[in-house]
Amino acid sequence: MANGQLIADLRALVGEQGLVTGEQLLARTYDRAAGEVHARVLIRPRDTAQVAAVLRLCHSRGQTVVTHGGLTGLVYGAAASTDDVIVSLEALNRIESVDVPGRTMRVEAGVTLQRVQEEAERHDLMFPLDLGGRGSATIGGNISTNAGGMRVVRYGMMRSLVLGVEAVLADGTVLGSLNRMLKNNAGYDLKQLFIGTEGTLGIVTRADLRLMPRPRSHGTAFVACPDFASVARLLTVMDGQLGGQLSAFEVMWPEFYEVTTTSPASNAAVLPYGHSMYVLIEALGADPQSDAERLEQALAEAMELGLIADAVIAKSDLERRAMWAPREDVFQTRRFGPTHNFDVSLSIADMPAYLETLRRGLKECAPAARMYVFGHVADGNLHVVVSAGEAHEATFHAVERCVYEPLRSISGSISAEHGIGLERKAYLSISRTPAEIATMRALKAALDPRGILNPGKVFDVQAS
Ligand code: ZN
């Protein structure tokens, strides 16, 4: 536990305003879904220099540090014990500049994703990363977890949208790798060390983001397909027919579609029940008239090929939101009790057999469990939500094995976008080789030799 001397020394660095302890800290509520947070000290640095000073001090004392962003993660990556000091980047929330012709934005790490999206729009540009937690999730968190979301099929994950970062290393060294150029092969691309490494190698304090042209047309369609094979062929047809405009291809299995469109959910069913699969298609382009025709034509062709059983195209923003609502209302899956959220990655061709194996496995290990499947599919990412009722821990572990083990033989990933955190580290070896994990440990040892940054996350530092 952080002692009085440490607290006094931290206070000297960040001032009274920069330190949260006692009742004030206990009053902050933490969603258990993000993991247990029991730290007694939270630091709110105002700038990079303060982050560096805090880490220099913590490094010299061997004091562990857990960095907090918007706390929308799902793998306990922000969990903090009574022994840890939390560094929250909430006060680093400035948008510093936008370069319109260069299509970049420089921001501090605590800015929320939604603010970045809105600022880009104000300049007639777009920041394409999008996910349900946009109002709380921060850019620093998006970088540290290499966030994905709905538009990865077209714009890639966070990694593709970050041009440069400034990060503070465990010992307080400020690594200024800010960079606004799309092309820069001058030696190692060090920013990659901080993208998707879940706060274990450094604290991201600022970033240069890549912006895109703001779309002028926004086509959205909701379709029903007779089977998964049709969904896969539909993706190929849409990819080809939409001339690079396909920006989301969200697939819902019937159990998920039904739970998010029936009471107490307030979302209306977009198409009737009874179909095998439902797909939400989004196309972003530059010409409202011709793009709308192109989307209609593409859907007509898919219908002729028998890939679509029913379809509806949004004619207004209101209709578009009504189509997205069931897809985004994942919370409805908690209706029957606590859930386990998985986000696996695998090739599209492997999906039907994988889900069949998973269903069989669940029937054995948790017969009362409900399973909801939806996902981005075009990028290979399936979300599987298992509601196992009042199950105890042993059942949860059995469910985890049901989800993860079949991925081994098909070279799938136990995490497409949520990361490893605490929750999945026991399964890392399903998706990473011993040599890969050893190299991760070597990087950790080089950059954080005292193991103070986000301890225990992703893998254990000592080989077990
Ligand atoms: Zn997702």
# chains A, B, ... in the order shown; residues from 1 in each chain; ligands from 1
$ closest_atom_pairs --of "chain A" --to "ligand 1" --cutoff "7 Å" --atoms "only C-alpha atoms and all ligand atoms" --output "JSON lines"
{"residue": "A:Gly148", "atom": "CA", "partner": "ligand 1", "partner_atom_place_in_ligand_line": "1 (Zn)", "distance": 6.4}
{"residue": "A:Gly149", "atom": "CA", "partner": "ligand 1", "partner_atom_place_in_ligand_line": "1 (Zn)", "distance": 4.5}
{"residue": "A:Met150", "atom": "CA", "partner": "ligand 1", "partner_atom_place_in_ligand_line": "1 (Zn)", "distance": 6.4}
{"residue": "A:Gly375", "atom": "CA", "partner": "ligand 1", "partner_atom_place_in_ligand_line": "1 (Zn)", "distance": 6.4}
{"residue": "A:His376", "atom": "CA", "partner": "ligand 1", "partner_atom_place_in_ligand_line": "1 (Zn)", "distance": 6.6}
{"residue": "A:His383", "atom": "CA", "partner": "ligand 1", "partner_atom_place_in_ligand_line": "1 (Zn)", "distance": 6.6}
{"residue": "A:Glu417", "atom": "CA", "partner": "ligand 1", "partner_atom_place_in_ligand_line": "1 (Zn)", "distance": 6.7}
$ select_by_dssp --residues "range 130-286 of chain A" --states "alpha helix (DSSP H)" --output "JSON, numbers by chain"
{"A": [139, 140, 141, 142, 143, 144, 152, 153, 154, 155, 158, 159, 160, 161, 228, 229, 230, 231, 232, 233, 234, 235, 236, 237, 238, 239, 240, 241, 254, 255, 256, 257, 258, 259]}
$ residues_around --residues "Thr261 in chain A" --least-positions-apart "3" --cutoff "12 Å" --atoms "only C-alpha atoms" --output "VMD selection string"
chain A and resid 252 254 to 258 264 to 273 322 to 333
$ write_last_selection --atoms "N, CA and C atoms" --output "compact mmCIF listing (two decimals), in the first residue's frame"
# COMPACT_ATOMS: atom_id res chain seq x y z
N MET A 252 -25.42 -10.15 -37.33
CA MET A 252 -26.08 -10.55 -36.08
C MET A 252 -26.73 -11.92 -36.26
N PRO A 254 -29.50 -14.73 -34.97
CA PRO A 254 -30.88 -14.44 -34.54
C PRO A 254 -31.06 -14.24 -33.04
N GLU A 255 -30.35 -15.01 -32.20
CA GLU A 255 -30.54 -14.86 -30.74
C GLU A 255 -30.18 -13.44 -30.30
N PHE A 256 -29.11 -12.91 -30.89
CA PHE A 256 -28.69 -11.55 -30.54
C PHE A 256 -29.70 -10.53 -31.05
N TYR A 257 -30.11 -10.68 -32.30
CA TYR A 257 -31.07 -9.75 -32.90
C TYR A 257 -32.37 -9.74 -32.10
N GLU A 258 -32.80 -10.91 -31.66
CA GLU A 258 -34.07 -10.99 -30.92
C GLU A 258 -33.96 -10.36 -29.53
N PRO A 264 -37.41 -5.85 -22.46
CA PRO A 264 -37.44 -4.40 -22.19
C PRO A 264 -36.59 -3.54 -23.12
N ALA A 265 -35.97 -4.11 -24.13
CA ALA A 265 -35.23 -3.26 -25.07
C ALA A 265 -36.22 -2.36 -25.79
N SER A 266 -35.81 -1.13 -26.07
CA SER A 266 -36.74 -0.22 -26.71
C SER A 266 -36.54 -0.18 -28.24
N ASN A 267 -35.60 -0.99 -28.74
CA ASN A 267 -35.35 -0.98 -30.18
C ASN A 267 -36.40 -1.83 -30.91
N ALA A 268 -36.88 -1.32 -32.04
CA ALA A 268 -37.84 -2.08 -32.84
C ALA A 268 -37.09 -3.03 -33.76
N ALA A 269 -37.73 -4.16 -34.07
CA ALA A 269 -37.16 -5.09 -35.04
C ALA A 269 -37.17 -4.40 -36.41
N VAL A 270 -36.05 -4.45 -37.11
CA VAL A 270 -35.95 -3.77 -38.41
C VAL A 270 -36.56 -4.65 -39.50
N LEU A 271 -36.30 -5.95 -39.42
CA LEU A 271 -36.89 -6.92 -40.34
C LEU A 271 -37.54 -8.01 -39.48
N PRO A 272 -38.49 -8.77 -40.06
CA PRO A 272 -39.16 -9.80 -39.26
C PRO A 272 -38.19 -10.86 -38.72
N TYR A 273 -38.60 -11.52 -37.64
CA TYR A 273 -37.82 -12.63 -37.09
C TYR A 273 -37.97 -13.84 -38.01
N ALA A 322 -32.15 3.78 -36.20
CA ALA A 322 -32.99 2.65 -35.81
C ALA A 322 -32.37 1.32 -36.25
N MET A 323 -31.61 1.35 -37.35
CA MET A 323 -30.94 0.13 -37.81
C MET A 323 -29.72 -0.20 -36.95
N TRP A 324 -29.01 0.85 -36.53
CA TRP A 324 -27.82 0.62 -35.71
C TRP A 324 -28.19 0.27 -34.27
N ALA A 325 -29.36 0.72 -33.81
CA ALA A 325 -29.71 0.57 -32.39
C ALA A 325 -29.64 -0.89 -31.90
N PRO A 326 -30.24 -1.85 -32.60
CA PRO A 326 -30.15 -3.23 -32.10
C PRO A 326 -28.70 -3.73 -32.04
N ARG A 327 -27.91 -3.35 -33.02
CA ARG A 327 -26.52 -3.78 -33.06
C ARG A 327 -25.72 -3.22 -31.89
N GLU A 328 -26.02 -1.98 -31.52
CA GLU A 328 -25.20 -1.32 -30.48
C GLU A 328 -25.68 -1.61 -29.06
N ASP A 329 -26.88 -2.14 -28.92
CA ASP A 329 -27.47 -2.31 -27.59
C ASP A 329 -27.06 -3.65 -26.97
N VAL A 330 -25.77 -3.84 -26.88
CA VAL A 330 -25.22 -5.11 -26.38
C VAL A 330 -25.65 -5.37 -24.93
N PHE A 331 -25.91 -4.29 -24.22
CA PHE A 331 -26.32 -4.36 -22.82
C PHE A 331 -27.50 -5.31 -22.60
N GLN A 332 -28.36 -5.43 -23.61
CA GLN A 332 -29.55 -6.29 -23.48
C GLN A 332 -29.20 -7.75 -23.19
N THR A 333 -27.98 -8.15 -23.55
CA THR A 333 -27.60 -9.54 -23.31
C THR A 333 -27.42 -9.83 -21.82
$ closest_residue --among "A:Gly187, A:Gly69, A:Gly156, A:Gly244" --to "Ile203 in chain A" --atoms "only C-alpha atoms"
A:Gly69
$ closest_residue --among "A:Gly140, A:Gly219, A:Gly77, A:Gly456" --to "Arg321 in chain A" --atoms "only C-alpha atoms"
A:Gly219
$ select_by_dssp --residues "range 328-461 of chain A" --states "strand (DSSP E or B)" --output "JSON, numbers by chain"
{"A": [339, 340, 341, 342, 343, 344, 345, 370, 371, 372, 373, 374, 375, 381, 382, 383, 384, 385, 386, 387, 413, 415, 453]}
$ closest_residue --among "A:Ala292, A:Val174, A:Leu201, A:Val386" --to "Ala368 in chain A" --atoms "only C-alpha atoms"
A:Val386
$ closest_residue --among "A:Lys363, A:Arg154, A:Arg450, A:His340" --to "Glu423 in chain A" --atoms "only C-alpha atoms"
A:His340
$ atom_distance --atom1 "CA of Ser276 in chain A" --atom2 "CA of Phe374 in chain A"
12.5 Å
$ residues_around --residues "range 433-446 of chain A" --least-positions-apart "2" --cutoff "7 Å" --atoms "only C-alpha atoms" --output "NGL selection string"
:A and (201 or 429 or 431 or 448-449 or 461)
$ write_last_selection --atoms "all heavy atoms" --output "mmCIF file, in the first residue's frame"
data_model
loop_
_atom_site.group_PDB
_atom_site.id
_atom_site.type_symbol
_atom_site.label_atom_id
_atom_site.label_comp_id
_atom_site.auth_asym_id
_atom_site.auth_seq_id
_atom_site.Cartn_x
_atom_site.Cartn_y
_atom_site.Cartn_z
ATOM 1 N N LEU A 201 4.256 -0.886 -21.340
ATOM 2 C CA LEU A 201 5.594 -0.454 -21.773
ATOM 3 C C LEU A 201 5.813 1.051 -21.634
ATOM 4 O O LEU A 201 6.921 1.534 -21.840
ATOM 5 C CB LEU A 201 5.846 -0.869 -23.232
ATOM 6 C CG LEU A 201 5.822 -2.371 -23.538
ATOM 7 C CD1 LEU A 201 6.165 -2.629 -24.994
ATOM 8 C CD2 LEU A 201 6.788 -3.139 -22.637
ATOM 9 N N SER A 429 -1.232 -18.334 -24.698
ATOM 10 C CA SER A 429 -0.445 -19.295 -25.480
ATOM 11 C C SER A 429 -1.264 -19.995 -26.558
ATOM 12 O O SER A 429 -0.709 -20.666 -27.420
ATOM 13 C CB SER A 429 0.186 -20.339 -24.551
ATOM 14 O OG SER A 429 -0.845 -21.107 -23.962
ATOM 15 N N SER A 431 -2.876 -18.322 -28.759
ATOM 16 C CA SER A 431 -2.739 -17.477 -29.951
ATOM 17 C C SER A 431 -1.325 -16.971 -30.205
ATOM 18 O O SER A 431 -1.067 -16.360 -31.227
ATOM 19 C CB SER A 431 -3.676 -16.269 -29.848
ATOM 20 O OG SER A 431 -5.015 -16.689 -29.816
ATOM 21 N N ASP A 448 10.863 -1.691 -19.022
ATOM 22 C CA ASP A 448 10.309 -1.524 -17.670
ATOM 23 C C ASP A 448 10.955 -2.555 -16.763
ATOM 24 O O ASP A 448 10.317 -3.483 -16.275
ATOM 25 C CB ASP A 448 8.775 -1.723 -17.743
ATOM 26 C CG ASP A 448 8.096 -1.542 -16.396
ATOM 27 O OD1 ASP A 448 8.724 -0.997 -15.465
ATOM 28 O OD2 ASP A 448 6.921 -1.953 -16.276
ATOM 29 N N PRO A 449 12.282 -2.392 -16.535
ATOM 30 C CA PRO A 449 13.046 -3.436 -15.828
ATOM 31 C C PRO A 449 12.537 -3.720 -14.414
ATOM 32 O O PRO A 449 12.685 -4.826 -13.921
ATOM 33 C CB PRO A 449 14.478 -2.883 -15.806
ATOM 34 C CG PRO A 449 14.345 -1.417 -16.099
ATOM 35 C CD PRO A 449 13.125 -1.262 -16.939
ATOM 36 N N VAL A 461 5.435 -11.494 -15.748
ATOM 37 C CA VAL A 461 6.785 -11.128 -16.166
ATOM 38 C C VAL A 461 7.733 -12.316 -16.059
ATOM 39 O O VAL A 461 8.530 -12.584 -16.953
ATOM 40 C CB VAL A 461 7.280 -9.922 -15.348
ATOM 41 C CG1 VAL A 461 8.755 -9.672 -15.632
ATOM 42 C CG2 VAL A 461 6.463 -8.695 -15.718
#
